[in-house]
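Content type compact mmCIF, C-alpha atoms, from the file final.txt:
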```
# COMPACT_ATOMS: atom_id res chain seq x y z
CA MET A 1 16.99 35.30 -22.86
CA VAL A 2 17.66 34.16 -19.27
CA THR A 3 15.10 31.77 -17.82
CA LYS A 4 14.48 32.25 -14.12
CA GLN A 5 15.00 29.07 -12.16
CA LYS A 6 12.41 27.97 -9.64
CA LYS A 7 12.84 27.95 -5.88
CA SER A 8 14.33 24.90 -4.21
CA LEU A 9 12.15 23.60 -1.40
CA LYS A 10 13.36 21.94 1.77
CA VAL A 11 10.95 19.04 2.33
CA LEU A 12 10.57 16.53 5.16
CA VAL A 13 8.81 13.27 4.34
CA ALA A 14 7.56 11.24 7.33
CA GLY A 15 7.53 7.62 6.19
CA GLY A 16 10.02 5.56 4.21
CA GLY A 17 7.73 2.95 2.66
CA VAL A 18 6.64 3.28 -0.97
CA ALA A 19 4.83 6.61 -1.40
CA GLY A 20 7.39 8.65 0.59
CA PRO A 21 10.50 7.57 -1.37
CA ALA A 22 8.55 7.85 -4.63
CA LEU A 23 7.83 11.49 -3.81
CA ALA A 24 11.47 11.99 -2.78
CA PHE A 25 12.55 10.61 -6.17
CA TRP A 26 10.62 13.25 -8.10
CA LEU A 27 11.44 16.14 -5.77
CA ALA A 28 15.18 15.39 -5.71
CA ARG A 29 15.18 15.05 -9.47
CA ALA A 30 13.76 18.58 -9.67
CA GLY A 31 16.50 19.88 -7.35
CA HIS A 32 14.56 20.10 -4.10
CA ARG A 33 16.25 19.10 -0.83
CA VAL A 34 14.50 16.10 0.70
CA THR A 35 14.81 14.34 4.04
CA VAL A 36 12.95 11.07 4.70
CA ALA A 37 12.35 10.15 8.35
CA GLU A 38 11.57 6.45 8.87
CA ARG A 39 10.60 5.11 12.29
CA TYR A 40 12.22 1.70 11.76
CA PRO A 41 15.96 1.48 12.57
CA ALA A 42 16.77 0.30 9.04
CA LEU A 43 15.09 0.08 5.66
CA ARG A 44 11.78 -1.71 6.20
CA ALA A 45 12.08 -3.97 3.18
CA THR A 46 9.54 -6.51 4.40
CA GLY A 47 5.88 -7.21 3.73
CA ALA A 48 3.74 -9.35 1.53
CA GLN A 49 3.12 -9.48 -2.18
CA VAL A 50 1.73 -6.35 -3.87
CA ASP A 51 0.79 -5.53 -7.43
CA LEU A 52 1.08 -2.64 -9.82
CA ARG A 53 -1.84 -1.77 -12.04
CA GLY A 54 -2.96 0.83 -14.52
CA GLN A 55 -1.68 4.28 -13.74
CA GLY A 56 0.74 2.85 -11.16
CA ILE A 57 2.58 1.07 -13.96
CA GLU A 58 2.66 4.35 -15.88
CA ALA A 59 4.15 6.15 -12.84
CA ILE A 60 6.90 3.53 -12.44
CA THR A 61 7.59 3.75 -16.18
CA ALA A 62 7.91 7.54 -15.96
CA MET A 63 10.49 7.05 -13.19
CA GLY A 64 12.56 4.84 -15.50
CA LEU A 65 12.26 1.94 -13.05
CA LEU A 66 10.06 -0.47 -14.98
CA ASP A 67 12.95 -2.72 -16.05
CA GLU A 68 14.16 -2.93 -12.45
CA VAL A 69 10.66 -3.83 -11.31
CA ARG A 70 10.39 -6.47 -14.03
CA ALA A 71 13.64 -8.03 -12.78
CA HIS A 72 12.03 -8.64 -9.38
CA LEU A 73 8.55 -9.80 -10.38
CA VAL A 74 6.91 -12.73 -8.64
CA ALA A 75 5.61 -15.52 -10.87
CA GLU A 76 1.88 -15.85 -10.16
CA PRO A 77 0.13 -17.24 -13.25
CA GLY A 78 -3.33 -17.23 -11.72
CA VAL A 79 -5.67 -17.71 -8.76
CA ALA A 80 -7.19 -21.10 -7.91
CA PHE A 81 -10.12 -21.81 -5.61
CA VAL A 82 -9.88 -24.97 -3.49
CA ASN A 83 -12.10 -26.88 -1.07
CA GLY A 84 -11.28 -28.16 2.42
CA SER A 85 -9.33 -31.12 1.08
CA GLY A 86 -7.29 -28.94 -1.27
CA ARG A 87 -9.05 -30.06 -4.45
CA ARG A 88 -9.05 -27.32 -7.07
CA LEU A 89 -12.54 -26.05 -7.95
CA GLY A 90 -11.45 -23.69 -10.70
CA ALA A 91 -8.99 -20.95 -11.53
CA ILE A 92 -8.77 -17.44 -12.96
CA MET A 93 -5.54 -16.93 -14.85
CA ALA A 94 -3.61 -13.66 -15.15
CA ASN A 95 -3.77 -11.53 -18.28
CA THR A 96 -0.19 -11.56 -19.51
CA SER A 97 -0.97 -10.33 -23.02
CA GLY A 98 0.14 -6.78 -22.26
CA GLN A 99 -3.25 -5.55 -23.48
CA GLY A 100 -6.50 -4.86 -21.68
CA LYS A 101 -7.27 -5.04 -17.99
CA GLN A 102 -5.77 -7.32 -15.36
CA THR A 103 -7.77 -10.00 -13.57
CA LEU A 104 -7.44 -10.98 -9.90
CA THR A 105 -3.67 -11.23 -10.27
CA SER A 106 -1.51 -8.73 -12.13
CA GLU A 107 1.32 -9.27 -14.58
CA PHE A 108 3.26 -6.92 -12.27
CA GLU A 109 3.29 -8.82 -8.95
CA ILE A 110 6.22 -7.89 -6.70
CA MET A 111 7.16 -8.28 -3.06
CA ARG A 112 6.72 -5.06 -1.11
CA GLY A 113 10.28 -5.36 0.22
CA ASP A 114 11.74 -5.53 -3.28
CA LEU A 115 9.80 -2.44 -4.35
CA VAL A 116 10.97 -0.55 -1.25
CA ARG A 117 14.59 -1.47 -2.02
CA ILE A 118 14.22 -0.37 -5.65
CA LEU A 119 12.88 3.04 -4.61
CA HIS A 120 15.55 3.46 -1.93
CA ASP A 121 18.35 2.57 -4.35
CA ALA A 122 16.98 5.08 -6.84
CA THR A 123 16.98 7.92 -4.28
CA LYS A 124 19.77 7.25 -1.78
CA GLU A 125 22.35 9.36 -3.61
CA ASP A 126 20.18 12.49 -3.58
CA VAL A 127 17.95 12.08 -0.52
CA GLU A 128 18.85 12.10 3.16
CA TYR A 129 17.39 9.09 4.98
CA ARG A 130 17.14 9.20 8.76
CA PHE A 131 16.23 5.84 10.24
CA GLY A 132 14.91 5.19 13.73
CA LEU A 133 13.31 8.63 13.80
CA THR A 134 9.71 9.82 13.94
CA VAL A 135 8.01 13.18 13.73
CA GLU A 136 6.43 13.58 17.16
CA GLY A 137 4.78 16.89 16.34
CA PHE A 138 5.18 20.15 14.49
CA ASP A 139 4.48 23.86 14.59
CA GLN A 140 3.93 25.96 11.51
CA THR A 141 3.68 29.56 10.44
CA GLN A 142 2.86 31.10 7.10
CA ASP A 143 6.53 30.80 6.10
CA GLU A 144 7.79 27.53 7.61
CA VAL A 145 7.04 24.34 9.50
CA VAL A 146 9.15 23.19 12.46
CA ALA A 147 9.28 19.44 12.96
CA HIS A 148 9.83 17.99 16.45
CA PHE A 149 11.65 14.66 16.21
CA SER A 150 11.63 11.67 18.55
CA ASP A 151 15.32 12.22 19.37
CA GLY A 152 14.47 15.61 20.89
CA SER A 153 15.75 17.68 17.98
CA ASP A 154 13.85 20.31 16.00
CA GLU A 155 14.35 21.36 12.39
CA THR A 156 12.73 23.85 10.04
CA PHE A 157 11.35 22.92 6.62
CA ASP A 158 9.30 24.48 3.87
CA LEU A 159 6.93 21.50 3.77
CA LEU A 160 6.10 18.43 5.87
CA VAL A 161 4.65 15.40 4.08
CA GLY A 162 2.83 12.72 6.06
CA ALA A 163 3.44 9.44 4.23
CA ASP A 164 3.07 7.45 7.45
CA GLY A 165 0.38 4.95 6.54
CA GLN A 166 -3.30 4.38 7.27
CA GLY A 167 -2.77 5.05 10.99
CA SER A 168 -0.98 8.34 10.23
CA ARG A 169 0.07 10.47 13.20
CA ILE A 170 0.52 13.47 10.90
CA ARG A 171 -3.10 13.14 9.75
CA ARG A 172 -4.38 13.20 13.33
CA ASP A 173 -2.53 16.47 13.89
CA ILE A 174 -3.99 18.32 10.90
CA LEU A 175 -7.62 17.21 11.24
CA PRO A 176 -10.09 18.37 13.90
CA GLU A 177 -9.95 16.23 17.04
CA GLY A 178 -12.30 13.27 16.90
CA THR A 179 -12.54 13.17 13.10
CA ASP A 180 -13.36 9.64 11.94
CA VAL A 181 -11.63 9.03 8.60
CA TYR A 182 -12.08 5.25 8.47
CA TRP A 183 -14.58 3.62 6.15
CA ARG A 184 -14.82 0.00 7.26
CA THR A 185 -15.45 -3.08 5.15
CA GLY A 186 -16.11 -5.48 8.04
CA LEU A 187 -13.03 -7.53 7.12
CA HIS A 188 -9.73 -8.17 8.92
CA MET A 189 -6.52 -9.71 7.62
CA ALA A 190 -3.31 -11.22 8.95
CA TYR A 191 -0.37 -12.48 6.93
CA TRP A 192 3.06 -14.00 7.50
CA PHE A 193 5.59 -16.31 5.83
CA VAL A 194 6.00 -20.06 6.35
CA PRO A 195 8.47 -22.50 4.77
CA ARG A 196 7.49 -23.62 1.29
CA VAL A 197 6.61 -27.28 0.76
CA ALA A 198 6.55 -29.42 -2.37
CA SER A 199 2.79 -29.04 -2.90
CA ASP A 200 2.99 -25.22 -3.01
CA THR A 201 2.74 -24.09 -6.62
CA ASP A 202 3.11 -20.60 -8.06
CA VAL A 203 -0.66 -20.40 -8.56
CA ARG A 204 -2.31 -18.57 -5.67
CA GLU A 205 -4.81 -20.73 -3.75
CA THR A 206 -7.91 -19.41 -1.98
CA TYR A 207 -10.12 -21.38 0.39
CA ALA A 208 -13.47 -20.25 1.85
CA ALA A 209 -14.27 -21.70 5.28
CA PRO A 210 -17.48 -21.53 7.33
CA GLY A 211 -17.80 -18.67 9.80
CA GLY A 212 -16.95 -15.86 7.39
CA ARG A 213 -13.33 -16.99 7.03
CA GLN A 214 -10.97 -17.23 4.09
CA ILE A 215 -7.42 -18.57 3.77
CA MET A 216 -5.05 -17.69 0.98
CA ARG A 217 -1.65 -19.10 0.05
CA ARG A 218 0.79 -17.64 -2.44
CA SER A 219 4.45 -18.61 -2.94
CA HIS A 220 6.95 -15.98 -3.98
CA ASN A 221 10.26 -17.87 -4.07
CA ALA A 222 11.74 -21.34 -3.75
CA THR A 223 11.79 -21.39 0.06
CA GLU A 224 8.90 -19.21 1.33
CA THR A 225 5.12 -19.20 1.15
CA GLN A 226 2.79 -16.39 2.23
CA ALA A 227 -0.13 -17.33 4.45
CA TYR A 228 -3.17 -15.06 4.76
CA PHE A 229 -6.10 -15.37 7.16
CA ILE A 230 -9.06 -13.11 6.35
CA LEU A 231 -12.04 -12.76 8.69
CA ARG A 232 -15.48 -11.20 8.29
CA ASP A 233 -16.21 -9.66 11.68
CA SER A 234 -17.65 -6.24 12.58
CA SER A 235 -17.05 -6.57 16.34
CA ASP A 236 -15.08 -4.10 18.44
CA GLU A 237 -12.86 -6.99 19.57
CA ALA A 238 -11.72 -7.66 16.02
CA SER A 239 -11.00 -3.98 15.37
CA ALA A 240 -9.03 -3.64 18.60
CA VAL A 241 -6.82 -6.71 18.20
CA HIS A 242 -4.55 -5.03 15.64
CA ARG A 243 -3.30 -2.66 18.35
CA ALA A 244 -2.55 -5.51 20.79
CA PRO A 245 0.89 -7.12 21.33
CA ILE A 246 1.94 -9.53 18.58
CA GLU A 247 1.48 -12.54 20.86
CA ASP A 248 -2.15 -11.55 21.51
CA GLN A 249 -2.75 -10.98 17.81
CA GLN A 250 -1.41 -14.41 16.94
CA ARG A 251 -3.53 -16.02 19.66
CA PHE A 252 -6.64 -14.28 18.30
CA TRP A 253 -6.05 -15.50 14.75
CA ALA A 254 -5.13 -19.03 15.82
CA ASP A 255 -8.28 -19.31 17.96
CA ARG A 256 -10.53 -17.99 15.21
CA PHE A 257 -9.12 -20.28 12.50
CA ARG A 258 -7.99 -23.44 14.28
CA ASP A 259 -10.91 -25.58 13.00
CA ALA A 260 -11.17 -23.99 9.54
CA GLY A 261 -9.75 -26.94 7.61
CA TRP A 262 -7.45 -27.18 4.58
CA GLN A 263 -3.87 -26.15 5.61
CA THR A 264 -4.90 -24.16 8.68
CA GLN A 265 -2.78 -26.10 11.16
CA ARG A 266 0.34 -25.76 9.03
CA PHE A 267 -0.10 -22.00 8.87
CA VAL A 268 -0.92 -21.63 12.57
CA ASP A 269 2.13 -23.69 13.50
CA GLY A 270 4.28 -21.41 11.36
CA MET A 271 3.21 -18.19 13.06
CA ALA A 272 5.69 -18.29 15.93
CA GLU A 273 8.73 -18.77 13.69
CA ALA A 274 7.63 -16.39 10.93
CA PRO A 275 10.14 -13.64 10.03
CA PHE A 276 7.33 -11.11 10.41
CA PHE A 277 3.63 -11.08 11.28
CA TYR A 278 1.20 -8.35 10.26
CA SER A 279 -2.43 -7.90 11.33
CA GLN A 280 -4.68 -5.15 10.00
CA GLU A 281 -8.28 -4.08 9.57
CA VAL A 282 -9.31 -3.88 5.92
CA LEU A 283 -10.52 -0.31 5.60
CA GLN A 284 -10.31 2.87 3.59
CA VAL A 285 -9.17 6.33 4.64
CA ARG A 286 -11.63 8.94 3.45
CA THR A 287 -11.21 12.60 4.29
CA ASP A 288 -12.14 15.86 2.58
CA THR A 289 -8.81 17.42 3.59
CA TRP A 290 -5.34 16.30 2.51
CA SER A 291 -3.45 19.37 3.67
CA ASN A 292 -3.31 22.08 6.28
CA GLY A 293 -0.96 25.00 5.69
CA ARG A 294 2.50 23.58 5.03
CA VAL A 295 1.59 20.00 5.95
CA VAL A 296 0.21 17.54 3.40
CA LEU A 297 -0.77 13.87 3.38
CA LEU A 298 0.34 11.26 0.84
CA GLY A 299 -0.47 7.63 0.02
CA ASP A 300 -2.38 5.56 2.59
CA ALA A 301 -2.25 8.44 5.07
CA ALA A 302 -4.39 10.46 2.66
CA HIS A 303 -6.51 7.91 0.83
CA CYS A 304 -5.90 4.26 1.74
CA ALA A 305 -8.02 2.29 -0.73
CA SER A 306 -7.65 -1.10 1.06
CA PRO A 307 -5.97 -4.25 -0.26
CA TYR A 308 -9.19 -5.25 -2.04
CA SER A 309 -8.98 -2.25 -4.36
CA GLY A 310 -5.89 -3.71 -6.01
CA MET A 311 -4.66 -0.12 -6.30
CA GLY A 312 -3.14 0.71 -2.91
CA ILE A 313 0.50 0.70 -4.05
CA SER A 314 -0.37 2.20 -7.41
CA GLY A 315 -2.37 4.92 -5.65
CA GLY A 316 0.67 5.88 -3.58
CA LEU A 317 2.94 6.03 -6.63
CA VAL A 318 0.45 8.12 -8.59
CA GLY A 319 -0.12 10.47 -5.64
CA ALA A 320 3.63 11.02 -5.29
CA TYR A 321 3.93 11.82 -8.98
CA VAL A 322 1.08 14.36 -8.86
CA LEU A 323 2.18 16.03 -5.60
CA ALA A 324 5.77 16.43 -6.83
CA GLY A 325 4.57 17.79 -10.17
CA GLU A 326 2.38 20.42 -8.58
CA LEU A 327 5.01 21.45 -6.00
CA THR A 328 7.67 21.83 -8.65
CA ALA A 329 5.34 23.81 -10.91
CA THR A 330 4.80 26.55 -8.31
CA PRO A 331 7.22 26.17 -5.37
CA ASP A 332 6.59 29.82 -4.44
CA ASP A 333 2.86 29.11 -4.10
CA LEU A 334 2.47 26.06 -1.84
CA GLU A 335 -1.17 26.83 -1.16
CA GLY A 336 -1.96 26.74 -4.87
CA ALA A 337 0.18 23.63 -5.44
CA LEU A 338 -1.54 21.69 -2.64
CA ALA A 339 -4.97 22.78 -3.85
CA ARG A 340 -4.17 21.50 -7.35
CA TYR A 341 -2.78 18.26 -5.91
CA ASP A 342 -6.17 17.70 -4.28
CA SER A 343 -8.31 18.68 -7.27
CA THR A 344 -6.17 16.71 -9.73
CA LEU A 345 -5.80 13.49 -7.74
CA ARG A 346 -9.18 13.23 -6.00
CA PRO A 347 -11.14 11.95 -9.05
CA PHE A 348 -8.61 9.11 -9.36
CA VAL A 349 -8.85 8.32 -5.64
CA ASP A 350 -12.66 8.38 -5.76
CA GLU A 351 -12.54 5.91 -8.64
CA ILE A 352 -10.24 3.37 -6.99
CA GLN A 353 -12.03 3.59 -3.65
CA ALA A 354 -15.45 3.11 -5.24
CA ALA A 355 -14.23 -0.19 -6.68
CA VAL A 356 -14.43 -1.69 -3.16
CA LYS A 357 -18.00 -2.78 -2.41
CA PRO A 358 -18.58 -4.34 1.06
CA ARG A 359 -21.67 -6.28 -0.02
CA LEU A 360 -19.78 -7.91 -2.87
CA LEU A 361 -16.86 -8.69 -0.54
CA ALA A 362 -19.22 -10.25 2.01
CA PHE A 363 -20.42 -12.66 -0.71
CA GLY A 364 -17.01 -14.33 -0.60
CA PHE A 365 -17.18 -14.80 3.19
CA PRO A 366 -20.36 -16.77 3.94
CA ARG A 367 -20.90 -17.96 7.49
CA PRO A 368 -23.17 -21.08 7.28
CA ARG A 369 -21.51 -24.29 6.14
CA ILE A 370 -24.22 -24.88 3.54
CA ALA A 371 -23.59 -21.41 2.10
CA VAL A 372 -19.87 -22.18 1.80
CA ALA A 373 -20.68 -25.41 -0.06
CA ALA A 374 -22.99 -23.50 -2.40
CA LEU A 375 -20.32 -20.87 -3.01
CA GLN A 376 -17.72 -23.52 -3.84
CA ALA A 377 -20.09 -25.24 -6.25
CA ALA A 378 -20.88 -21.92 -7.92
CA PHE A 379 -17.16 -21.17 -8.26
CA ALA A 380 -16.54 -24.52 -9.91
CA VAL A 381 -19.26 -23.99 -12.51
CA ALA A 382 -18.43 -20.32 -13.09
CA CYS A 383 -14.70 -20.96 -13.52
CA ALA A 384 -15.45 -23.69 -16.06
CA LEU A 385 -17.40 -21.09 -18.05
CA ARG A 386 -14.71 -18.39 -17.42
CA ILE A 387 -17.38 -16.12 -15.96
CA PRO A 388 -15.27 -14.81 -13.00
CA GLU A 389 -12.42 -13.95 -15.39
CA ARG A 390 -14.71 -11.76 -17.49
CA ILE A 391 -16.32 -10.14 -14.44
CA ALA A 392 -12.95 -9.45 -12.78
CA ALA A 393 -11.61 -7.83 -15.94
CA ARG A 394 -14.65 -5.55 -16.16
CA ALA A 395 -14.63 -4.66 -12.46
CA THR A 396 -10.90 -4.01 -12.06
CA THR A 397 -9.76 -0.37 -11.90
CA ASP A 398 -6.88 -0.71 -14.31
CA ARG A 399 -5.08 0.66 -17.35
CA GLY A 400 -7.39 2.42 -19.78
CA GLY A 401 -9.44 3.90 -16.92
CA ALA A 402 -11.13 7.27 -17.17
CA TRP A 403 -8.46 9.17 -15.20
CA ALA A 404 -5.25 9.95 -17.09
CA LEU A 405 -1.86 10.53 -15.51
CA PRO A 406 -1.09 14.25 -15.99
CA ARG A 407 2.12 15.46 -17.61
CA TYR A 408 4.57 17.70 -15.78
CA GLU A 409 7.77 19.40 -16.88
CA GLN A 410 10.73 17.93 -15.02
CA GLY A 411 12.68 21.19 -14.79
CA ARG A 412 15.46 21.75 -12.28
CA ALA A 413 14.70 23.93 -9.30
CA ASP A 414 16.87 26.87 -8.26
CA THR A 415 19.97 25.41 -6.62
CA SER A 416 21.29 28.69 -5.25
CA THR A 417 20.02 27.68 -1.82
CA GLY A 418 21.40 24.14 -2.06
CA ARG A 419 20.89 21.08 -4.27
CA ALA A 420 19.62 17.67 -3.34
CA ARG A 421 22.12 16.46 -0.78
CA PRO A 422 24.21 13.29 -0.99
CA ALA A 423 22.74 10.36 0.83
CA THR A 424 23.09 10.36 4.59
CA THR A 425 21.94 7.33 6.55
CA ARG A 426 21.48 8.16 10.20
CA THR A 427 20.05 6.16 13.05
CA ALA A 428 18.59 8.10 15.95
```
Turn this file's structure into structure tokens for me.
Amino acid sequence: MVTKQKKSLKVLVAGGGVAGPALAFWLARAGHRVTVAERYPALRATGAQVDLRGQGIEAITAMGLLDEVRAHLVAEPGVAFVNGSGRRLGAIMANTSGQGKQTLTSEFEIMRGDLVRILHDATKEDVEYRFGLTVEGFDQTQDEVVAHFSDGSDETFDLLVGADGQGSRIRRDILPEGTDVYWRTGLHMAYWFVPRVASDTDVRETYAAPGGRQIMRRSHNATETQAYFILRDSSDEASAVHRAPIEDQQRFWADRFRDAGWQTQRFVDGMAEAPFFYSQEVLQVRTDTWSNGRVVLLGDAAHCASPYSGMGISGGLVGAYVLAGELTATPDDLEGALARYDSTLRPFVDEIQAAVKPRLLAFGFPRPRIAVAALQAAFAVACALRIPERIAARATTDRGGAWALPRYEQGRADTSTGRARPATTRTA
């Protein structure tokens, strides 16, 4: 008996971060032809510390990359809360037992840049990467989608995937004009690297300052420390600053935090020389539509859960796994595949997004000085009784959750129209 092979799709992925290459991994493995367009001129292997949890760990395991991830893990044994003088008030330690849920820090902490490199290395032989190139627009028919690139070229594909982050340009083009997809938490965050000093331990330190401010420090290697400023502010000025020039962003954060105490001055002084600086609003992307015709959204572009969900990276990995599985199951029926992608993944996305509760977040960002002192005292007592550790374990969306990673057959697609191409790195 001859088994009919499935159609090979020609797919363009806009975005070379985590979710895009993860999708490319699965599609290339099934014999589809994949091109990844990344707007940065080279692999963007930068960024702060991220974690893998629950179904995200299962997705990495299914890819056969868990050992490689383990080889690049960051040592973060727990999270400590400190006062303005740096005195430790208490700590919540990581669950490293391999059983049960994670706490505030995961046993799978990794630098975003290392994860990006791992995914790129796993796909570069079978996926074409085009750096320094963006998708400026597209036109589609029932049978194809034509992408218009920033270098002036056009190319036809079977499918266009927008994996271009929470500010996705692809998403704006497939939704009705004026659609507001952002669900705001009232928080803003900036982070950058500074030189590590002798007092920086592997334990993450968190400090609450008056005025709805929080500072966090975590050290990921022998020479560098990550500095985070987090601000509770619902003003239009705070929302707009993330689109301003870097110099204006740094001025905003320095002005807002200069008198906050603890190690503020050290971190402010390190801004100018930092290898990178990133400022963002802490929000979620919520939309009823993840696809339009032959264009589909993936990762943060579809369902950003925010850093406070603890599942942003894992959500992107899981979404890539599900989208690839559904596309490969019925490559001749993209409409059906994209509909199943939505219906299969949305319960998982709803679960991880619901874990973020603005009122609970606001509790950790009090404005009056007396409220900060009360919060610090409460932390000290609660940590001594291990109350936050038990609450965090119950509240964390993690392994053993209600949503189970589906199983897909990893069959090869029909290669009569071309197999996954050897790696081509091209700068526009």
Fill in: Exercise: Ala62 (chain A) partners within 10 Å, all atoms listed in the file, chain neighbours under 6 positions left out, as a PyMOL selection string
chain A and resi 56+321+407
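The smallest atom-to-atom distance between Leu297 (chain A) and any of A:Val194, A:Ile230, A:Ala19, A:Ile370, using only C-alpha atoms, is found for A:Ala19.
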With the cut-off set at 12 Å and counting all atoms listed in the file, tabulate each residue of region 52-94 of chain A with an atom at most that distance from an atom of region 348-356 of chain A, showing the nearest atom pair and its distance in Å to one decimal, ordered by chain and increasing number, as JSON lines.
```
{"residue": "A:Arg53", "atom": "CA", "partner": "A:Ile352", "partner_atom": "CA", "distance": 11.1}
{"residue": "A:Gly54", "atom": "CA", "partner": "A:Ile352", "partner_atom": "CA", "distance": 10.8}
{"residue": "A:Gln55", "atom": "CA", "partner": "A:Phe348", "partner_atom": "CA", "distance": 9.5}
{"residue": "A:Gly56", "atom": "CA", "partner": "A:Phe348", "partner_atom": "CA", "distance": 11.4}
```
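A straight line drawn from CA of Gln280 (chain A) to CA of Val82 (chain A) is 24.5 Å long.
Here CA of His220 (chain A) is placed at a distance of 26.9 Å from CA of Arg39 (chain A).
With CA of His242 (chain A) on one side and CA of Gly211 (chain A) on the other, the separation reads 19.9 Å.
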Shell of 10 Å around region 258-271 of chain A, only C-alpha atoms, local chain residues under 5 positions omitted, as a CSV table (one decimal) with C-alpha atoms, keeping the file's coordinate frame:
```
chain,number,residue,atom,x,y,z
A,82,VAL,CA,-9.9,-25.0,-3.5
A,83,ASN,CA,-12.1,-26.9,-1.1
A,84,GLY,CA,-11.3,-28.2,2.4
A,85,SER,CA,-9.3,-31.1,1.1
A,86,GLY,CA,-7.3,-28.9,-1.3
A,87,ARG,CA,-9.0,-30.1,-4.4
A,191,TYR,CA,-0.4,-12.5,6.9
A,192,TRP,CA,3.1,-14.0,7.5
A,193,PHE,CA,5.6,-16.3,5.8
A,194,VAL,CA,6.0,-20.1,6.4
A,195,PRO,CA,8.5,-22.5,4.8
A,207,TYR,CA,-10.1,-21.4,0.4
A,208,ALA,CA,-13.5,-20.2,1.8
A,209,ALA,CA,-14.3,-21.7,5.3
A,210,PRO,CA,-17.5,-21.5,7.3
A,211,GLY,CA,-17.8,-18.7,9.8
A,213,ARG,CA,-13.3,-17.0,7.0
A,214,GLN,CA,-11.0,-17.2,4.1
A,215,ILE,CA,-7.4,-18.6,3.8
A,216,MET,CA,-5.0,-17.7,1.0
A,217,ARG,CA,-1.6,-19.1,0.0
A,225,THR,CA,5.1,-19.2,1.2
A,226,GLN,CA,2.8,-16.4,2.2
A,227,ALA,CA,-0.1,-17.3,4.4
A,228,TYR,CA,-3.2,-15.1,4.8
A,229,PHE,CA,-6.1,-15.4,7.2
A,247,GLU,CA,1.5,-12.5,20.9
A,250,GLN,CA,-1.4,-14.4,16.9
A,251,ARG,CA,-3.5,-16.0,19.7
A,253,TRP,CA,-6.0,-15.5,14.8
A,276,PHE,CA,7.3,-11.1,10.4
A,277,PHE,CA,3.6,-11.1,11.3
```
Practice prompt. With a distance cut-off of 9 Å and all atoms listed in the file, select the neighbouring residues of region 142-154 of chain A, excluding the residue or stretch itself and same-chain residues fewer than 3 positions from it, and output the selection as a PyMOL selection string.
Written response: chain A and resi 12+132-139+157-160+293-295+428
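Each of A:Asp255, A:Glu155, A:Glu76, A:Asp342 was compared to Leu298 (chain A) using all atoms listed in the file, and A:Asp342 turns out to be the nearest.
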Practice prompt. Please provide as a PyMOL selection string all residues within 9 Å of Met311 (chain A), with the sequence filter that same-chain residues fewer than 2 positions apart are discarded (counting only C-alpha atoms).
Written response: chain A and resi 51-54+56+305-309+313-316+352-353+397-398
Item to complete: Write out as a PyMOL selection string each polymer residue whose atoms come within 6 Å of region 108-115 of chain A, counting all atoms listed in the file; drop sequence neighbours fewer than 5 positions from it.
Response: chain A and resi 45-52+73-74
Quick one: write out the picked residues with C-alpha atoms as a PDB file, in the frame of the given file?
```
ATOM      1  CA  ALA A  45      12.080  -3.970   3.180  1.00  0.00           C
ATOM      2  CA  THR A  46       9.540  -6.510   4.400  1.00  0.00           C
ATOM      3  CA  GLY A  47       5.880  -7.210   3.730  1.00  0.00           C
ATOM      4  CA  ALA A  48       3.740  -9.350   1.530  1.00  0.00           C
ATOM      5  CA  GLN A  49       3.120  -9.480  -2.180  1.00  0.00           C
ATOM      6  CA  VAL A  50       1.730  -6.350  -3.870  1.00  0.00           C
ATOM      7  CA  ASP A  51       0.790  -5.530  -7.430  1.00  0.00           C
ATOM      8  CA  LEU A  52       1.080  -2.640  -9.820  1.00  0.00           C
ATOM      9  CA  LEU A  73       8.550  -9.800 -10.380  1.00  0.00           C
ATOM     10  CA  VAL A  74       6.910 -12.730  -8.640  1.00  0.00           C
TER      11      VAL A  74
END
```
Discussion item. Restricting the calculation to all atoms listed in the file: of A:Phe379, A:Phe252, A:Tyr182, A:Tyr129, which residue gets closest to Gly364 (chain A)?
Written reply: A:Phe379
Kindly provide the residues of region 40-71 of chain A that approach region 20-27 of chain A to within 10 Å, each paired with its closest atom pair and their distance in Å to one decimal, based on all atoms listed in the file, listed by chain and increasing number, as CSV.
```
residue,atom,partner,partner_atom,distance
A:Ala59,CA,A:Ala22,CA,9.5
A:Ile60,CA,A:Ala22,CA,9.1
A:Met63,CA,A:Trp26,CA,8.0
```
Item to complete: Identify which of the residues A:Val36, A:Ala30, A:Ala384, A:Ala163 lies closest to Ala324 (chain A), counting all atoms listed in the file when measuring atom-to-atom distances.
Response: A:Ala30
Worksheet item: Nearest to Pro366 (chain A): which of A:Thr289, A:Leu231, A:Arg130, A:Ala274 is it, counting all atoms listed in the file?
Response: A:Leu231
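Distance check against Ala14 (chain A) using all atoms listed in the file: of A:Asp164, A:Asp180, A:Glu107, A:Asp121, the minimum falls on A:Asp164.
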Taking every listed atom of region 247-259 of chain A and adding 4 Å to each side, what centre and edge lengths in Å (one decimal) does the axis-aligned box have, as lines of an AutoDock Vina configuration file?
```
center_x = -4.7
center_y = -18.3
center_z = 17.0
size_x = 20.4
size_y = 22.6
size_z = 17.0
```
